[in-house]
Amino acid sequence: MAAAARLLELRPGRDMTAVVIDGKTVSQKIRAECRGRVKGLQETHGVTPCLAVILIGDSHASQVYVRNKMRAAEDVGLLSRPFIFDRDVPVAIVLDLIDRLNQDPDVHGILVQLPLPPQFNIYTVLHRISPAKDVDGFHLYNVGGLVVGDTIFSPCTPFGVMKLLEHQGIEIAGQNVVVVGASNIVGKPMALMMMQQDATVTICHARTRDLAQFTILADILIVAAGVPGLILKQMVRRGAVVIDVGINRLPSGKIVGDVDFEGVSEKASFITPVPGGVGPMTVSMLIWNTITSAERHMTMHPV
Ligand code: GUN
């Protein structure tokens, strides 16, 4: 943003009402694009992309997530193969399954739903998946690829945030981006993807002192802290783009993000709601990555 325009933005004045970014609509557009890509693969190569999903244990939340992922995959024409294990399954059984799925030319994406029971070392499992089928983008190869700007698969939630901004026509190069939350799944990859697009990036986390001194500088504020109501109106610059990745269930049962939506909407230029903002994008990007994997497979990309 030009300095003069920015000064105008910062002048005390009337509040604005943010445009609410509709993740459901963008997600539907992406799924329509995915349907076209699946059709193209079927017509050109006679291949239907296939996602293998491994679920271990009886966590209700994980069961719901996995069901949603498989349903969404099938809805755009993908095949899905579920592998469900009791929580006390021996580690070797799961590693052996991953080895077989890595070798299976009919499987294009492998996802192990997290968290895992205590007998598993999460990295032993995630790093066993071939980077070429790691559609979650959690393998070290893909994480390292993000650092140098040459990844095969980007993690689905931050990838979804990038797509939301792109669909909304929000420029990233040269912007001050502040990411609140430094998890391996969202915050860290988000920061790397923003750096790759020439943003100036700050990462804040649970031990950051005086969070507001950083958030107030953000042209684009991305919050993935898992703390309901963490970001208040006075912590946000007028005209900022605010992306809320948080999904928190209040004791009342209501689902809310990390941002005080009502207050911050009066000051931001764009804001994502919870639910209905980033959430629907995550599954869409998983499908996107699985199709990309099948397309790469067809063009014989080596890893
Ligand atoms: N558990 C919570 N989020 C995720 C995710 O994005 N991928 C996997 N595999 N497990 C999760």
# chains A, B, ... in the order shown; residues from 1 in each chain; ligands from 1
$ residues_around --residues "Ile222 (chain A)" --least-positions-apart "5" --cutoff "8 Å" --atoms "only C-alpha atoms" --output "PyMOL selection string"
chain A and resi 177-180+242-245
$ residues_around --residues "Leu101 (chain A)" --least-positions-apart "5" --cutoff "9 Å" --atoms "only C-alpha atoms" --output "PyMOL selection string"
chain A and resi 52+96+106-110+129
$ closest_residue --among "A:Leu111, A:Ala18, A:Val89, A:Ile231" --to "Val66 (chain A)" --atoms "only C-alpha atoms"
A:Leu111
$ closest_atom_pairs --of "chain A" --to "ligand 1" --cutoff "7 Å" --atoms "only C-alpha atoms and all ligand atoms" --output "Markdown table"
| residue | atom | partner | partner_atom_place_in_ligand_line | distance |
| --- | --- | --- | --- | --- |
| A:Ser62 | CA | ligand 1 | 1 (N) | 7.0 |
| A:Leu111 | CA | ligand 1 | 9 (N) | 5.4 |
| A:Val112 | CA | ligand 1 | 9 (N) | 4.8 |
| A:Gln113 | CA | ligand 1 | 9 (N) | 3.7 |
| A:Leu114 | CA | ligand 1 | 10 (N) | 3.8 |
| A:Pro115 | CA | ligand 1 | 1 (N) | 6.0 |
| A:Asp136 | CA | ligand 1 | 7 (N) | 5.9 |
| A:Cys156 | CA | ligand 1 | 6 (O) | 6.5 |
| A:Thr157 | CA | ligand 1 | 6 (O) | 6.9 |
| A:Ile185 | CA | ligand 1 | 6 (O) | 6.9 |
$ write_last_selection --atoms "N, CA, C and O atoms" --output "PDB file, in the first residue's frame"
ATOM      1  N   SER A  62     -12.019 -37.194  15.364  1.00  0.00           N
ATOM      2  CA  SER A  62     -11.276 -37.731  14.217  1.00  0.00           C
ATOM      3  C   SER A  62     -12.199 -38.493  13.275  1.00  0.00           C
ATOM      4  O   SER A  62     -12.067 -38.408  12.047  1.00  0.00           O
ATOM      5  N   LEU A 111      -3.293 -40.273   3.782  1.00  0.00           N
ATOM      6  CA  LEU A 111      -3.498 -39.368   4.911  1.00  0.00           C
ATOM      7  C   LEU A 111      -3.620 -40.203   6.181  1.00  0.00           C
ATOM      8  O   LEU A 111      -4.389 -41.162   6.215  1.00  0.00           O
ATOM      9  N   VAL A 112      -2.826 -39.868   7.190  1.00  0.00           N
ATOM     10  CA  VAL A 112      -2.980 -40.489   8.508  1.00  0.00           C
ATOM     11  C   VAL A 112      -3.602 -39.446   9.423  1.00  0.00           C
ATOM     12  O   VAL A 112      -2.992 -38.395   9.674  1.00  0.00           O
ATOM     13  N   GLN A 113      -4.811 -39.712   9.881  1.00  0.00           N
ATOM     14  CA  GLN A 113      -5.497 -38.732  10.712  1.00  0.00           C
ATOM     15  C   GLN A 113      -4.789 -38.606  12.065  1.00  0.00           C
ATOM     16  O   GLN A 113      -4.466 -39.607  12.709  1.00  0.00           O
ATOM     17  N   LEU A 114      -4.555 -37.375  12.492  1.00  0.00           N
ATOM     18  CA  LEU A 114      -3.907 -37.078  13.777  1.00  0.00           C
ATOM     19  C   LEU A 114      -4.969 -36.604  14.770  1.00  0.00           C
ATOM     20  O   LEU A 114      -5.995 -36.075  14.352  1.00  0.00           O
ATOM     21  N   PRO A 115      -4.780 -36.746  16.070  1.00  0.00           N
ATOM     22  CA  PRO A 115      -3.601 -37.309  16.735  1.00  0.00           C
ATOM     23  C   PRO A 115      -3.592 -38.840  16.702  1.00  0.00           C
ATOM     24  O   PRO A 115      -4.589 -39.471  16.370  1.00  0.00           O
ATOM     25  N   ASP A 136      -1.196 -34.275   2.803  1.00  0.00           N
ATOM     26  CA  ASP A 136      -1.328 -33.365   3.948  1.00  0.00           C
ATOM     27  C   ASP A 136      -0.166 -32.361   3.985  1.00  0.00           C
ATOM     28  O   ASP A 136      -0.237 -31.353   4.687  1.00  0.00           O
ATOM     29  N   CYS A 156      -2.804 -28.255   3.994  1.00  0.00           N
ATOM     30  CA  CYS A 156      -4.101 -27.856   3.429  1.00  0.00           C
ATOM     31  C   CYS A 156      -4.682 -26.574   4.021  1.00  0.00           C
ATOM     32  O   CYS A 156      -5.257 -25.768   3.279  1.00  0.00           O
ATOM     33  N   THR A 157      -4.534 -26.345   5.324  1.00  0.00           N
ATOM     34  CA  THR A 157      -5.169 -25.151   5.901  1.00  0.00           C
ATOM     35  C   THR A 157      -4.482 -23.864   5.429  1.00  0.00           C
ATOM     36  O   THR A 157      -5.161 -22.960   4.912  1.00  0.00           O
ATOM     37  N   ILE A 185       1.327 -27.322  11.784  1.00  0.00           N
ATOM     38  CA  ILE A 185       0.270 -27.566  10.798  1.00  0.00           C
ATOM     39  C   ILE A 185      -0.219 -26.274  10.153  1.00  0.00           C
ATOM     40  O   ILE A 185      -0.557 -26.246   8.979  1.00  0.00           O
TER      41      ILE A 185
END
$ closest_residue --among "A:Phe214, A:Leu95, A:Thr208, A:Pro273" --to "Gly257 (chain A)" --atoms "only C-alpha atoms"
A:Pro273
$ residues_around --residues "Lys24 (chain A)" --least-positions-apart "3" --cutoff "9 Å" --atoms "only C-alpha atoms" --output "list of chain:residue names"
A:Ile21, A:Ser27, A:Gln28, A:Lys29, A:Gly276, A:Gly277, A:Val278, A:Gly279, A:Pro280, A:Met281
$ residues_around --residues "His167 (chain A)" --least-positions-apart "4" --cutoff "9 Å" --atoms "only C-alpha atoms" --output "ChimeraX atom specification"
/A:26,162-163
$ write_last_selection --atoms "all heavy atoms" --output "tab-separated table (two decimals), in the first residue's frame"
chain	number	residue	atom	x	y	z
A	26	VAL	N	-16.17	-19.94	-1.99
A	26	VAL	CA	-14.86	-20.15	-2.64
A	26	VAL	C	-14.56	-21.65	-2.70
A	26	VAL	O	-14.08	-22.17	-3.71
A	26	VAL	CB	-13.74	-19.39	-1.89
A	26	VAL	CG1	-12.39	-19.63	-2.56
A	26	VAL	CG2	-14.04	-17.90	-1.83
A	162	MET	N	-4.28	-19.12	1.46
A	162	MET	CA	-3.71	-18.47	0.27
A	162	MET	C	-4.75	-18.40	-0.85
A	162	MET	O	-4.88	-17.38	-1.54
A	162	MET	CB	-2.47	-19.23	-0.23
A	162	MET	CG	-1.31	-19.32	0.75
A	162	MET	SD	-0.73	-17.75	1.39
A	162	MET	CE	0.29	-17.15	0.09
A	163	LYS	N	-5.50	-19.47	-1.03
A	163	LYS	CA	-6.53	-19.51	-2.08
A	163	LYS	C	-7.65	-18.51	-1.80
A	163	LYS	O	-8.15	-17.86	-2.71
A	163	LYS	CB	-7.12	-20.92	-2.19
A	163	LYS	CG	-6.27	-21.88	-2.97
A	163	LYS	CD	-6.48	-21.70	-4.48
A	163	LYS	CE	-5.51	-22.59	-5.24
A	163	LYS	NZ	-5.46	-22.25	-6.67
$ select_by_dssp --residues "region 56-213 of chain A" --states "helix (DSSP H, G or I)" --output "JSON, numbers by chain"
{"A": [60, 61, 62, 63, 64, 65, 66, 67, 68, 69, 70, 71, 72, 73, 74, 75, 91, 92, 93, 94, 95, 96, 97, 98, 99, 100, 101, 102, 103, 122, 123, 124, 125, 126, 131, 132, 133, 140, 141, 142, 143, 144, 145, 146, 147, 148, 156, 157, 158, 159, 160, 161, 162, 163, 164, 165, 166, 167, 187, 188, 189, 190, 191, 192, 193, 194, 195, 196, 212, 213]}
$ residues_around --residues "Gln197 (chain A)" --least-positions-apart "3" --cutoff "8 Å" --atoms "only C-alpha atoms" --output "ChimeraX atom specification"
/A:172-173,193-194
$ residues_around --residues "Pro118 (chain A)" --least-positions-apart "6" --cutoff "12 Å" --atoms "only C-alpha atoms" --output "compact mmCIF listing (two decimals) with N, CA and C atoms, in the first residue's frame"
# COMPACT_ATOMS: atom_id res chain seq x y z
N ILE A 56 -6.87 -44.26 13.29
CA ILE A 56 -6.53 -45.17 14.39
C ILE A 56 -7.20 -44.67 15.67
N GLY A 57 -7.94 -45.57 16.32
CA GLY A 57 -8.57 -45.21 17.59
C GLY A 57 -10.01 -44.79 17.40
N ARG A 87 -7.36 -48.64 18.71
CA ARG A 87 -6.32 -47.74 19.25
C ARG A 87 -5.06 -48.50 19.69
N ASP A 88 -5.16 -49.84 19.94
CA ASP A 88 -3.97 -50.58 20.39
C ASP A 88 -3.29 -51.34 19.25
N VAL A 89 -3.54 -50.96 18.01
CA VAL A 89 -2.90 -51.63 16.86
C VAL A 89 -1.37 -51.49 16.97
N PRO A 90 -0.63 -52.59 16.69
CA PRO A 90 0.83 -52.48 16.72
C PRO A 90 1.35 -51.52 15.64
N VAL A 91 2.39 -50.78 15.99
CA VAL A 91 2.97 -49.78 15.07
C VAL A 91 3.36 -50.43 13.75
$ select_by_dssp --residues "region 173-290 of chain A" --states "strand (DSSP E or B)" --output "list in words"
Asn176, Val177, Val178, Val179, Val180, Thr200, Val201, Thr202, Ile203, Cys204, Ile220, Leu221, Ile222, Val223, Ile231, Val241, Val242, Ile243, Asp244, Asn248, Arg249, Ile255, Val256, Val259, Phe270 and Ile271 of chain A
$ write_last_selection --atoms "C-alpha atoms" --output "mmCIF file, in the first residue's frame"
data_model
loop_
_atom_site.group_PDB
_atom_site.id
_atom_site.type_symbol
_atom_site.label_atom_id
_atom_site.label_comp_id
_atom_site.auth_asym_id
_atom_site.auth_seq_id
_atom_site.Cartn_x
_atom_site.Cartn_y
_atom_site.Cartn_z
ATOM 1 C CA ASN A 176 2.917 -6.705 6.607
ATOM 2 C CA VAL A 177 1.617 -10.156 7.479
ATOM 3 C CA VAL A 178 1.339 -11.109 11.144
ATOM 4 C CA VAL A 179 0.689 -14.764 11.959
ATOM 5 C CA VAL A 180 -0.515 -15.516 15.497
ATOM 6 C CA THR A 200 7.058 -9.091 5.413
ATOM 7 C CA VAL A 201 6.208 -11.716 8.001
ATOM 8 C CA THR A 202 6.044 -11.662 11.798
ATOM 9 C CA ILE A 203 5.195 -14.802 13.776
ATOM 10 C CA CYS A 204 3.664 -14.450 17.242
ATOM 11 C CA ILE A 220 -3.000 -9.080 6.836
ATOM 12 C CA LEU A 221 -3.556 -10.689 10.255
ATOM 13 C CA ILE A 222 -3.819 -14.488 10.364
ATOM 14 C CA VAL A 223 -4.844 -15.983 13.698
ATOM 15 C CA ILE A 231 -8.023 -10.705 18.982
ATOM 16 C CA VAL A 241 -7.524 -8.124 6.340
ATOM 17 C CA VAL A 242 -8.271 -10.548 9.197
ATOM 18 C CA ILE A 243 -8.190 -14.314 8.671
ATOM 19 C CA ASP A 244 -9.451 -16.412 11.581
ATOM 20 C CA ASN A 248 -13.235 -23.318 19.382
ATOM 21 C CA ARG A 249 -16.298 -24.867 20.989
ATOM 22 C CA ILE A 255 -18.399 -22.674 17.614
ATOM 23 C CA VAL A 256 -16.278 -19.509 17.522
ATOM 24 C CA VAL A 259 -11.187 -13.218 16.719
ATOM 25 C CA PHE A 270 -12.064 -8.099 5.028
ATOM 26 C CA ILE A 271 -12.707 -10.793 7.633
#
$ residues_around --residues "Ser130 (chain A)" --least-positions-apart "4" --cutoff "12 Å" --atoms "only C-alpha atoms" --output "number ranges by chain"
A: 95, 98-104, 107-111, 125-126, 134-142, 152-153, 293, 302-303
$ closest_residue --among "A:Leu164, A:Ala182, A:Ala268, A:Ala92" --to "Ala218 (chain A)" --atoms "only C-alpha atoms"
A:Ala268
$ closest_residue --among "A:Pro82, A:Pro49, A:Gly263, A:Pro251" --to "Leu232 (chain A)" --atoms "only C-alpha atoms"
A:Gly263
$ atom_distance --atom1 "CA of Gly187 (chain A)" --atom2 "CA of His205 (chain A)"
8.9 Å
$ closest_residue --among "A:Gly174, A:His297, A:Glu74, A:Leu116" --to "Met195 (chain A)" --atoms "only C-alpha atoms"
A:Gly174
